[in-house]
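So the structure is just underneath, and the comments pick up after that.
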Amino acid sequence: MCILFFKFNPDAKDPADYKLILAANRDEYYHRPAKSAQFWSHNPEVLSGLDMEEGRQGGAWLGVSRSGRLSGISNCLLLPLRPDAKGKGCLVADFLASELDCLSYTQKVAKEANQYNGFNLICAEFQQFQKAVMCYFNNFNNSNPVLLEPGIYGLGNATLNTPWTKLLYGKRLFTNVINRAVEIAGDSLTQRLMHILSNKESTHTVILINAKGEVTFTERTLVSKETAQWQTSSFRFTIHP
């Protein structure tokens, strides 16, 4: 992801409110092969796009599972690029299919973080009848994984909430929309968030998880750069216990 915005509200109880509102852009090059979001054929519990680049097949950049697991990753450009580094997409895919809680998983990742180019990783659990939990980790400043407090966050190609102009501007637009989330119907909320994301990036994704555990995952993908043709897919399911 180039830029990712989200509101984390683990204590949401009103059926019309959301535990998570997330909007993100994928920052990969147009020519990089990838599958659009779908439930995995080898694990139908998990929904995400998949990287198909040689040597990185099966990696993901953002996804959710029917059990309420969620993960996303962005490049952190504060570290020099190493051509021999491992693909980062496996960090998302492995968590979505894992049984480790998000804090234990990110602590495990931290121990091998020097094998990858710079990254920011979020992992979360939105299980039925339990308080939601979200963790953040980056491999840039030698920090430990942290549990995120409720709030509104922006994540670009630096660390979480770095006050870069583009990030601050997008976060302000995002905040203006979600402050009215309860009064805006789900589909309308998704469309307004998609409008914020509209730019030259090839994939836009909006994820909503409401207080009842209902998930809406909407992805808008650029099918043809030459004709500016876009394809939109939407998935809905309820997190199972």
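In the structure tokens, the first chain shown is A, the next is B, and so on; residue numbers restart at 1 for each chain, and ligands run from 1 in the order shown.
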
Legend entry - For Pro10 of chain A: contacts at 10 Å, only C-alpha atoms, fewer than 4 positions along chain excluded, given as a list in words: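 The neighbour list is Tyr18, Lys19, Leu20, Glu125, Phe126, Gln130, Lys131, Ala132, Val133, Met134, Glu149, Pro150, Gly151, Asn210 and Ala211 of chain A.
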
Legend entry - Backbone DSSP call of alpha helix (DSSP H) for segment 51-146 of chain A, listed as a ChimeraX atom specification: /A:89-97,102-111

Quick one: write out the picked residues with N, CA, C and O atoms as an mmCIF file, in the first residue's frame?
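selection_25.cif written:
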```
data_model
loop_
_atom_site.group_PDB
_atom_site.id
_atom_site.type_symbol
_atom_site.label_atom_id
_atom_site.label_comp_id
_atom_site.auth_asym_id
_atom_site.auth_seq_id
_atom_site.Cartn_x
_atom_site.Cartn_y
_atom_site.Cartn_z
ATOM 1 N N GLY A 89 5.010 -9.818 1.165
ATOM 2 C CA GLY A 89 3.615 -10.237 1.112
ATOM 3 C C GLY A 89 3.304 -11.476 1.913
ATOM 4 O O GLY A 89 2.157 -11.677 2.345
ATOM 5 N N CYS A 90 4.325 -12.303 2.142
ATOM 6 C CA CYS A 90 4.098 -13.509 2.939
ATOM 7 C C CYS A 90 3.713 -13.168 4.379
ATOM 8 O O CYS A 90 3.043 -13.951 5.060
ATOM 9 N N LEU A 91 4.119 -11.987 4.863
ATOM 10 C CA LEU A 91 3.813 -11.607 6.235
ATOM 11 C C LEU A 91 2.319 -11.419 6.435
ATOM 12 O O LEU A 91 1.766 -11.770 7.482
ATOM 13 N N VAL A 92 1.651 -10.868 5.435
ATOM 14 C CA VAL A 92 0.195 -10.720 5.491
ATOM 15 C C VAL A 92 -0.484 -12.072 5.319
ATOM 16 O O VAL A 92 -1.348 -12.466 6.102
ATOM 17 N N ALA A 93 -0.103 -12.790 4.275
ATOM 18 C CA ALA A 93 -0.740 -14.073 3.982
ATOM 19 C C ALA A 93 -0.587 -15.059 5.136
ATOM 20 O O ALA A 93 -1.533 -15.776 5.485
ATOM 21 N N ASP A 94 0.588 -15.104 5.722
ATOM 22 C CA ASP A 94 0.826 -16.058 6.810
ATOM 23 C C ASP A 94 -0.031 -15.734 8.031
ATOM 24 O O ASP A 94 -0.537 -16.640 8.704
ATOM 25 N N PHE A 95 -0.204 -14.445 8.343
ATOM 26 C CA PHE A 95 -1.041 -14.105 9.499
ATOM 27 C C PHE A 95 -2.498 -14.472 9.248
ATOM 28 O O PHE A 95 -3.185 -15.010 10.138
ATOM 29 N N LEU A 96 -2.996 -14.191 8.047
ATOM 30 C CA LEU A 96 -4.394 -14.480 7.756
ATOM 31 C C LEU A 96 -4.716 -15.961 7.897
ATOM 32 O O LEU A 96 -5.839 -16.329 8.253
ATOM 33 N N ALA A 97 -3.736 -16.807 7.642
ATOM 34 C CA ALA A 97 -3.938 -18.252 7.740
ATOM 35 C C ALA A 97 -3.454 -18.833 9.060
ATOM 36 O O ALA A 97 -3.601 -20.026 9.312
ATOM 37 N N CYS A 102 -2.543 -11.734 17.238
ATOM 38 C CA CYS A 102 -1.808 -10.740 16.453
ATOM 39 C C CYS A 102 -0.549 -10.244 17.154
ATOM 40 O O CYS A 102 0.457 -9.965 16.504
ATOM 41 N N LEU A 103 -0.565 -10.137 18.480
ATOM 42 C CA LEU A 103 0.637 -9.670 19.167
ATOM 43 C C LEU A 103 1.741 -10.717 19.098
ATOM 44 O O LEU A 103 2.903 -10.395 18.805
ATOM 45 N N SER A 104 1.401 -11.971 19.337
ATOM 46 C CA SER A 104 2.406 -13.038 19.246
ATOM 47 C C SER A 104 2.967 -13.135 17.836
ATOM 48 O O SER A 104 4.176 -13.341 17.646
ATOM 49 N N TYR A 105 2.092 -12.955 16.846
ATOM 50 C CA TYR A 105 2.550 -13.050 15.462
ATOM 51 C C TYR A 105 3.522 -11.918 15.124
ATOM 52 O O TYR A 105 4.584 -12.157 14.538
ATOM 53 N N THR A 106 3.181 -10.680 15.479
ATOM 54 C CA THR A 106 4.068 -9.563 15.145
ATOM 55 C C THR A 106 5.372 -9.643 15.935
ATOM 56 O O THR A 106 6.420 -9.224 15.449
ATOM 57 N N GLN A 107 5.329 -10.194 17.131
ATOM 58 C CA GLN A 107 6.568 -10.405 17.887
ATOM 59 C C GLN A 107 7.451 -11.432 17.180
ATOM 60 O O GLN A 107 8.683 -11.288 17.148
ATOM 61 N N LYS A 108 6.840 -12.447 16.607
ATOM 62 C CA LYS A 108 7.580 -13.444 15.824
ATOM 63 C C LYS A 108 8.200 -12.789 14.591
ATOM 64 O O LYS A 108 9.373 -13.038 14.260
ATOM 65 N N VAL A 109 7.431 -11.962 13.900
ATOM 66 C CA VAL A 109 7.936 -11.262 12.718
ATOM 67 C C VAL A 109 9.117 -10.375 13.083
ATOM 68 O O VAL A 109 10.106 -10.270 12.342
ATOM 69 N N ALA A 110 9.035 -9.714 14.228
ATOM 70 C CA ALA A 110 10.093 -8.794 14.650
ATOM 71 C C ALA A 110 11.449 -9.496 14.759
ATOM 72 O O ALA A 110 12.501 -8.878 14.532
ATOM 73 N N LYS A 111 11.444 -10.775 15.086
ATOM 74 C CA LYS A 111 12.692 -11.507 15.258
ATOM 75 C C LYS A 111 13.389 -11.796 13.928
ATOM 76 O O LYS A 111 14.596 -12.087 13.910
#
```

Inset, instruction - Enumerate the residues of segment 166-239 of chain A with a DSSP assignment of strand (DSSP E), computed from the backbone, and present them as a ChimeraX atom specification. - result: /A:203-210,214-224,229-238

Could those selected residues go to a file with N, CA and C atoms, as a compact mmCIF listing (two decimals), in the first residue's frame?
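Listing of out24.txt after writing:
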```txt
# COMPACT_ATOMS: atom_id res chain seq x y z
N THR A 203 -5.10 -0.16 -7.49
CA THR A 203 -6.09 -0.87 -6.68
C THR A 203 -6.51 -0.03 -5.48
N HIS A 204 -7.82 0.10 -5.30
CA HIS A 204 -8.38 0.78 -4.14
C HIS A 204 -9.21 -0.22 -3.36
N THR A 205 -9.10 -0.22 -2.04
CA THR A 205 -9.83 -1.16 -1.20
C THR A 205 -10.45 -0.45 -0.01
N VAL A 206 -11.70 -0.76 0.26
CA VAL A 206 -12.39 -0.27 1.46
C VAL A 206 -12.90 -1.48 2.23
N ILE A 207 -12.60 -1.51 3.53
CA ILE A 207 -13.07 -2.58 4.40
C ILE A 207 -13.85 -1.97 5.56
N LEU A 208 -15.06 -2.45 5.77
CA LEU A 208 -15.90 -2.03 6.88
C LEU A 208 -16.22 -3.24 7.74
N ILE A 209 -16.04 -3.12 9.06
CA ILE A 209 -16.43 -4.17 10.00
C ILE A 209 -17.30 -3.49 11.05
N ASN A 210 -18.58 -3.84 11.07
CA ASN A 210 -19.47 -3.16 12.01
C ASN A 210 -19.53 -3.86 13.36
N GLU A 214 -20.28 -7.82 10.93
CA GLU A 214 -20.53 -7.92 9.49
C GLU A 214 -19.42 -7.21 8.72
N VAL A 215 -18.84 -7.90 7.77
CA VAL A 215 -17.69 -7.39 7.01
C VAL A 215 -18.13 -7.07 5.58
N THR A 216 -17.74 -5.90 5.11
CA THR A 216 -17.88 -5.54 3.70
C THR A 216 -16.50 -5.22 3.15
N PHE A 217 -16.10 -5.94 2.13
CA PHE A 217 -14.78 -5.77 1.51
C PHE A 217 -15.03 -5.39 0.05
N THR A 218 -14.64 -4.18 -0.32
CA THR A 218 -14.85 -3.70 -1.68
C THR A 218 -13.52 -3.32 -2.31
N GLU A 219 -13.27 -3.85 -3.50
CA GLU A 219 -12.03 -3.57 -4.20
C GLU A 219 -12.34 -3.02 -5.59
N ARG A 220 -11.65 -1.94 -5.95
CA ARG A 220 -11.77 -1.34 -7.27
C ARG A 220 -10.41 -1.44 -7.94
N THR A 221 -10.35 -2.16 -9.07
CA THR A 221 -9.08 -2.48 -9.71
C THR A 221 -9.03 -1.92 -11.13
N LEU A 222 -7.88 -1.35 -11.49
CA LEU A 222 -7.66 -0.86 -12.85
C LEU A 222 -7.39 -2.04 -13.76
N VAL A 223 -8.33 -2.30 -14.66
CA VAL A 223 -8.20 -3.43 -15.59
C VAL A 223 -7.32 -3.06 -16.77
N SER A 224 -7.49 -1.84 -17.29
CA SER A 224 -6.71 -1.39 -18.45
C SER A 224 -6.29 0.05 -18.24
N GLN A 229 -10.17 1.57 -17.75
CA GLN A 229 -11.28 0.70 -17.39
C GLN A 229 -11.08 0.13 -15.99
N TRP A 230 -12.10 0.25 -15.15
CA TRP A 230 -12.03 -0.23 -13.77
C TRP A 230 -13.03 -1.34 -13.53
N GLN A 231 -12.71 -2.20 -12.59
CA GLN A 231 -13.60 -3.29 -12.19
C GLN A 231 -13.80 -3.24 -10.68
N THR A 232 -15.04 -3.33 -10.22
CA THR A 232 -15.33 -3.29 -8.79
C THR A 232 -15.90 -4.62 -8.33
N SER A 233 -15.36 -5.15 -7.24
CA SER A 233 -15.85 -6.39 -6.64
C SER A 233 -16.17 -6.12 -5.17
N SER A 234 -17.25 -6.72 -4.69
CA SER A 234 -17.62 -6.52 -3.30
C SER A 234 -17.99 -7.86 -2.66
N PHE A 235 -17.54 -8.05 -1.44
CA PHE A 235 -17.78 -9.29 -0.71
C PHE A 235 -18.37 -8.94 0.66
N ARG A 236 -19.35 -9.72 1.10
CA ARG A 236 -19.97 -9.51 2.41
C ARG A 236 -20.06 -10.83 3.15
N PHE A 237 -19.72 -10.81 4.40
CA PHE A 237 -19.88 -12.00 5.24
C PHE A 237 -19.89 -11.57 6.70
N THR A 238 -20.33 -12.47 7.56
CA THR A 238 -20.34 -12.21 9.00
C THR A 238 -19.26 -13.06 9.65
```

Report as a Markdown table the residues of segment 104-185 of chain A within 9 Å of segment 58-73 of chain A, each with its shortest atom pair and distance in Å (one decimal), using only C-alpha atoms, ordered by chain and increasing residue number.
```
| residue | atom | partner | partner_atom | distance |
| --- | --- | --- | --- | --- |
| A:Phe119 | CA | A:Ile73 | CA | 6.7 |
| A:Asn120 | CA | A:Ile73 | CA | 5.5 |
| A:Leu121 | CA | A:Ile73 | CA | 4.6 |
| A:Ile122 | CA | A:Gly72 | CA | 5.4 |
| A:Cys123 | CA | A:Ser71 | CA | 4.4 |
| A:Ala124 | CA | A:Leu70 | CA | 5.1 |
| A:Glu125 | CA | A:Arg69 | CA | 4.6 |
| A:Phe126 | CA | A:Gly68 | CA | 4.6 |
| A:Gln127 | CA | A:Gly68 | CA | 5.2 |
| A:Gln128 | CA | A:Gly68 | CA | 7.8 |
| A:Met134 | CA | A:Leu70 | CA | 8.8 |
```

Inset, instruction - Find the residue from A:Ala12, A:Ala113, A:Leu173, A:Leu78 that sits nearest to Asn157 of chain A; use only C-alpha atoms when measuring. - result: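 Nearest to Asn157 of chain A: A:Leu78.
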
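Distances to Leu168 of chain A were evaluated for A:Gly156, A:Asn144, A:Asp11, A:Arg180 using only C-alpha atoms, and the minimum falls at A:Gly156.
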
Legend entry - Given only C-alpha atoms as the counted atoms, nearest of A:Ser198, A:Tyr136, A:Leu193, A:Asn142 to Asn176 of chain A: A:Leu193

Inset, instruction - Rounded to one decimal place, report the atom CA of Lys35 of chain A-atom CA of Leu22 of chain A distance in Å. - result: 20.6 Å

Legend entry - Who sits within 6 Å of Ala85 of chain A, only C-alpha atoms, same chain under 3 positions skipped, as number ranges by chain: A: 82, 115-117

Inset, instruction - Could you give me, as an MDAnalysis selection string, the residues within 9 Å of Ile152 of chain A, counting only C-alpha atoms and dropping anything in the same chain fewer than 5 positions from it? - result: chainID A and resid 5:9 171 175

Inset, instruction - Work out how far apart atom CA of Gln38 of chain A and atom CA of Ile196 of chain A are and give it in Å to one decimal. - result: 23.4 Å
